[in-house]
Amino acid sequence: MKIFLTSYILAVIGLSLYFFQDPALEASMQRGNEIYADFCVTCHLEAGEGVVSTFPPLAKSDYLLQNRAASIRGVKFGQQAEIVVNGVTYNSAMPSPGLEDDEIADVMNYILNSWGNTSDKIVTVEEVEAIQK
Amino acid sequence: MKNSIAALYLIVVAFNFSCGQDTANQVATISDTPFTPELLVEDVAIPWGIAFLPDGSMLITEKSGELILFKDGQKNTLSNVPEVYSRGQGGLLDVAVHPDYENNGWIYLSYASEEGEEKGGHTAFTRAKISDNSLTNSQLLYKGSPNTTKGQHFGSRIEFDDKGYVYLSIGERGARDDNPQDITRDGGKIYRFYDDGRIPEDNPFVGTEGAKTAIYSYGHRNPQGLIKNPKTGDIWDNEHGPKGGDEINIIKPGANYGWPVITYGVNYSGTPITDKTAMDGMEQPIHYWLPSIAPSGMAFITTDNYGADWNGSLLVGSLKFQYLELLKLNGTKVTDRIELIKGLGRVRDVVQGPDGLIYVGVEGKGVYKLVPKK
């Protein structure tokens, strides 16, 4: 009975999360999907899987999920640094894509909430604006 | 006896045929390359285009907007370079030197530009002269329109033929259903001009109502390789397909290269774009790549510097697999593919210098010279 109750409650919570996802996030992700297809997919690929040792993955990337500010900074200004993503070292260059702050917020929301990634806080334009080189 | 000779002949022919198919779709590695790559120009983030002046000095475009003159082992950054629109694949793109530079001093640039009314950018084409490490006499020869904020498919390469014309490629700017098949719109085209930017009277769409008359051929996706075949004088391009279906085409006046009506590729997501790879009135590539290599830059080897066997072969950079591809040709048929300098980085441009040696622009590195082994 206890097990039934907990799983029932969990299921309800899960479903409500699924059905009542923040509409602002939803809209941002949709715009972000288009930005992704235009500016990112050539390197990080359709399912965010990347190319081992060349283009780091975004799907389930520990770097992305644990370094939110650094990830936004990289997307905002481009980056060339040694980073470790899921245990693999990358030391190459991502050119600055030249996006507007609102577009960066959208694409961040897309990559932070796709392919099994989840993030409990929506990326806002203000948050992107505040990030400096 | 006769029969067995005929049978043998058939077997040999069939074997050759099947090999021909295979080698065209598989890239081979070789153990002893006839050269050593030597990093000649260091620290160029994205060496997008490379061209030589008659004195052997080198012009290099860096995508974010720097034009570098490499002379006597020194890098000089030229001033007064046109402002570029740095977004997505846009930036400072190709550079070319007029075949009669000694007498007229013109260099040509293609780049993404915000020039115009609408928000965004499109590919622009300018010529200028160099004086005291600065560009002077800049003349805007062409500008694609309307601008768009899409980050994709600016092209662009510049090439001269033997008859005094200059060719420019512009990609379809991320609007595949609007631009490439419509000759009244820019993008997804190869253009032809006189060297001063005037439109030749015999361009194929001169006199066609509403057409952009600089257009020479259409139905292209994103051509980032353009080279004159030194034997025939024809202009060849290479262009990025979607997922699969990168192509090499021989450019003919007024011809339609089919994008996106026919293609050997599919969407990045794997869903089909069309079920057609061929159609009447549309050109077939002389070669297509499956999977895509993401081709950029194109050069013919016209010397025996790397062995007589490679003379006449074509070189194409691969951004995706980070190698330089050598394509051996029999006329217009690709017979063999060989991967070179694998793993140095994304190969952005390849040119044959006036010394007959090959120079390769590699992202994150700079320009390599392929020094022949003795």
# chains A, B, ... in the order shown; residues from 1 in each chain; ligands from 1
call {"tool": "interface_residues", "arguments": {"of": "chain B", "to": "chain A", "cutoff": "8 Å", "atoms": "only C-alpha atoms", "output": "list in words"}}
result
Ser86, Arg87, Gly88, Gln89, Lys150, Gly151, Gln152, Gly174, Tyr268, Ser269 and Gly364 of chain B
call {"tool": "select_by_dssp", "arguments": {"residues": "chain A", "states": "strand (DSSP E or B)", "output": "PDB file with N, CA, C and O atoms, in the first residue's frame"}}
result
ATOM      1  N   VAL A  51      30.956  15.112 -31.360  1.00  0.00           N
ATOM      2  CA  VAL A  51      31.876  14.179 -31.995  1.00  0.00           C
ATOM      3  C   VAL A  51      33.034  14.004 -31.013  1.00  0.00           C
ATOM      4  O   VAL A  51      33.716  14.976 -30.699  1.00  0.00           O
ATOM      5  N   PHE A  55      34.126  17.805 -31.027  1.00  0.00           N
ATOM      6  CA  PHE A  55      33.079  18.703 -30.553  1.00  0.00           C
ATOM      7  C   PHE A  55      32.420  18.060 -29.342  1.00  0.00           C
ATOM      8  O   PHE A  55      31.810  17.007 -29.444  1.00  0.00           O
ATOM      9  N   GLN A  79      34.776  30.505 -27.237  1.00  0.00           N
ATOM     10  CA  GLN A  79      35.778  30.115 -26.254  1.00  0.00           C
ATOM     11  C   GLN A  79      36.846  29.225 -26.846  1.00  0.00           C
ATOM     12  O   GLN A  79      36.639  28.518 -27.816  1.00  0.00           O
ATOM     13  N   GLN A  80      38.023  29.347 -26.261  1.00  0.00           N
ATOM     14  CA  GLN A  80      39.125  28.466 -26.606  1.00  0.00           C
ATOM     15  C   GLN A  80      39.855  28.193 -25.316  1.00  0.00           C
ATOM     16  O   GLN A  80      40.559  29.045 -24.787  1.00  0.00           O
ATOM     17  N   ILE A  83      38.951  22.158 -21.604  1.00  0.00           N
ATOM     18  CA  ILE A  83      37.841  21.806 -20.732  1.00  0.00           C
ATOM     19  C   ILE A  83      37.666  20.290 -20.756  1.00  0.00           C
ATOM     20  O   ILE A  83      38.072  19.624 -21.703  1.00  0.00           O
ATOM     21  N   VAL A  84      37.075  19.765 -19.687  1.00  0.00           N
ATOM     22  CA  VAL A  84      36.814  18.328 -19.629  1.00  0.00           C
ATOM     23  C   VAL A  84      35.303  18.126 -19.631  1.00  0.00           C
ATOM     24  O   VAL A  84      34.595  18.707 -18.817  1.00  0.00           O
ATOM     25  N   VAL A  85      34.819  17.370 -20.600  1.00  0.00           N
ATOM     26  CA  VAL A  85      33.392  17.102 -20.697  1.00  0.00           C
ATOM     27  C   VAL A  85      33.185  15.594 -20.624  1.00  0.00           C
ATOM     28  O   VAL A  85      33.704  14.858 -21.479  1.00  0.00           O
ATOM     29  N   VAL A  88      36.290  13.500 -21.040  1.00  0.00           N
ATOM     30  CA  VAL A  88      37.136  13.651 -22.226  1.00  0.00           C
ATOM     31  C   VAL A  88      37.627  15.094 -22.283  1.00  0.00           C
ATOM     32  O   VAL A  88      36.863  16.031 -22.080  1.00  0.00           O
ATOM     33  N   THR A  89      38.927  15.250 -22.541  1.00  0.00           N
ATOM     34  CA  THR A  89      39.497  16.600 -22.600  1.00  0.00           C
ATOM     35  C   THR A  89      39.337  17.189 -24.000  1.00  0.00           C
ATOM     36  O   THR A  89      39.602  16.518 -24.998  1.00  0.00           O
ATOM     37  N   TYR A  90      38.873  18.431 -24.043  1.00  0.00           N
ATOM     38  CA  TYR A  90      38.753  19.159 -25.307  1.00  0.00           C
ATOM     39  C   TYR A  90      39.615  20.402 -25.206  1.00  0.00           C
ATOM     40  O   TYR A  90      39.613  21.076 -24.180  1.00  0.00           O
ATOM     41  N   ALA A  93      38.500  25.269 -30.397  1.00  0.00           N
ATOM     42  CA  ALA A  93      37.877  26.588 -30.377  1.00  0.00           C
ATOM     43  C   ALA A  93      36.425  26.523 -30.804  1.00  0.00           C
ATOM     44  O   ALA A  93      36.070  25.816 -31.741  1.00  0.00           O
ATOM     45  N   MET A  94      35.581  27.237 -30.083  1.00  0.00           N
ATOM     46  CA  MET A  94      34.220  27.485 -30.541  1.00  0.00           C
ATOM     47  C   MET A  94      34.152  28.972 -30.880  1.00  0.00           C
ATOM     48  O   MET A  94      34.308  29.818 -30.005  1.00  0.00           O
TER      49      MET A  94
END
call {"tool": "residues_around", "arguments": {"residues": "segment 71-75 of chain A", "least_positions_apart": "3", "cutoff": "7 Å", "atoms": "only C-alpha atoms", "output": "list in words"}}
result
Leu64, Asn67, Arg68, Gly78, Gln79, Ser96, Val128, Ile131 and Lys133 of chain A
call {"tool": "closest_residue", "arguments": {"among": "B:Ala112, B:Ile107, B:Ile130, B:Leu370", "to": "Thr149 of chain B", "atoms": "only C-alpha atoms"}}
result
B:Ala112
call {"tool": "residues_around", "arguments": {"residues": "Val95 of chain B", "least_positions_apart": "4", "cutoff": "7 Å", "atoms": "only C-alpha atoms", "output": "PyMOL selection string"}}
result
chain B and resi 49-51+61+108-110
call {"tool": "atom_distance", "arguments": {"atom1": "atom CA of Thr277 of chain B", "atom2": "atom CA of Ile227 of chain B"}}
result
24.7 Å
call {"tool": "residues_around", "arguments": {"residues": "segment 23-26 of chain A", "least_positions_apart": "3", "cutoff": "9 Å", "atoms": "only C-alpha atoms", "output": "PDB file with N, CA and C atoms, in the first residue's frame"}}
result
ATOM      1  N   PHE A  20       2.225  20.541 -17.177  1.00  0.00           N
ATOM      2  CA  PHE A  20       2.125  21.961 -16.847  1.00  0.00           C
ATOM      3  C   PHE A  20       3.482  22.629 -16.858  1.00  0.00           C
ATOM      4  N   MET A  29      12.165  27.541 -25.339  1.00  0.00           N
ATOM      5  CA  MET A  29      12.806  26.359 -25.909  1.00  0.00           C
ATOM      6  C   MET A  29      12.494  26.201 -27.393  1.00  0.00           C
ATOM      7  N   GLN A  30      11.273  26.563 -27.743  1.00  0.00           N
ATOM      8  CA  GLN A  30      10.882  26.428 -29.148  1.00  0.00           C
ATOM      9  C   GLN A  30      11.714  27.369 -30.037  1.00  0.00           C
ATOM     10  N   ARG A  31      11.854  28.611 -29.558  1.00  0.00           N
ATOM     11  CA  ARG A  31      12.714  29.542 -30.309  1.00  0.00           C
ATOM     12  C   ARG A  31      14.165  29.056 -30.288  1.00  0.00           C
ATOM     13  N   ASP A 106      17.388  31.757 -25.178  1.00  0.00           N
ATOM     14  CA  ASP A 106      16.542  30.731 -25.794  1.00  0.00           C
ATOM     15  C   ASP A 106      17.319  29.452 -26.089  1.00  0.00           C
ATOM     16  N   ASN A 109      18.141  27.615 -22.915  1.00  0.00           N
ATOM     17  CA  ASN A 109      16.987  26.889 -22.390  1.00  0.00           C
ATOM     18  C   ASN A 109      16.724  25.618 -23.193  1.00  0.00           C
ATOM     19  N   TYR A 110      16.977  25.697 -24.492  1.00  0.00           N
ATOM     20  CA  TYR A 110      16.788  24.505 -25.326  1.00  0.00           C
ATOM     21  C   TYR A 110      17.794  23.422 -24.947  1.00  0.00           C
ATOM     22  N   ILE A 122      14.844  28.706 -15.341  1.00  0.00           N
ATOM     23  CA  ILE A 122      14.866  29.200 -16.714  1.00  0.00           C
ATOM     24  C   ILE A 122      15.989  30.243 -16.872  1.00  0.00           C
ATOM     25  N   VAL A 123      16.679  30.221 -18.004  1.00  0.00           N
ATOM     26  CA  VAL A 123      17.699  31.237 -18.286  1.00  0.00           C
ATOM     27  C   VAL A 123      16.980  32.480 -18.819  1.00  0.00           C
TER      28      VAL A 123
END
call {"tool": "residues_around", "arguments": {"residues": "Leu141 of chain B", "least_positions_apart": "4", "cutoff": "9 Å", "atoms": "only C-alpha atoms", "output": "list in words"}}
result
Ala124, Phe125, Thr126, Arg127, Phe193, Asp196, Gly197 and Arg198 of chain B
call {"tool": "closest_residue", "arguments": {"among": "A:Gly87, A:Ala81, A:Ala105, A:Glu49", "to": "Tyr63 of chain A", "atoms": "only C-alpha atoms"}}
result
A:Gly87
call {"tool": "residues_around", "arguments": {"residues": "Ser64 of chain B", "least_positions_apart": "6", "cutoff": "8 Å", "atoms": "only C-alpha atoms", "output": "MDAnalysis selection string"}}
result
chainID B and resid 46 84 86 91:92
call {"tool": "write_last_selection", "arguments": {"atoms": "C-alpha atoms", "output": "PDB file, in the first residue's frame"}}
result
ATOM      1  CA  ILE B  46      39.935  30.670 -38.775  1.00  0.00           C
ATOM      2  CA  VAL B  84      31.847  42.340 -41.561  1.00  0.00           C
ATOM      3  CA  SER B  86      30.010  38.272 -37.631  1.00  0.00           C
ATOM      4  CA  GLY B  91      32.332  36.952 -41.415  1.00  0.00           C
ATOM      5  CA  LEU B  92      35.243  37.819 -43.674  1.00  0.00           C
TER       6      LEU B  92
END
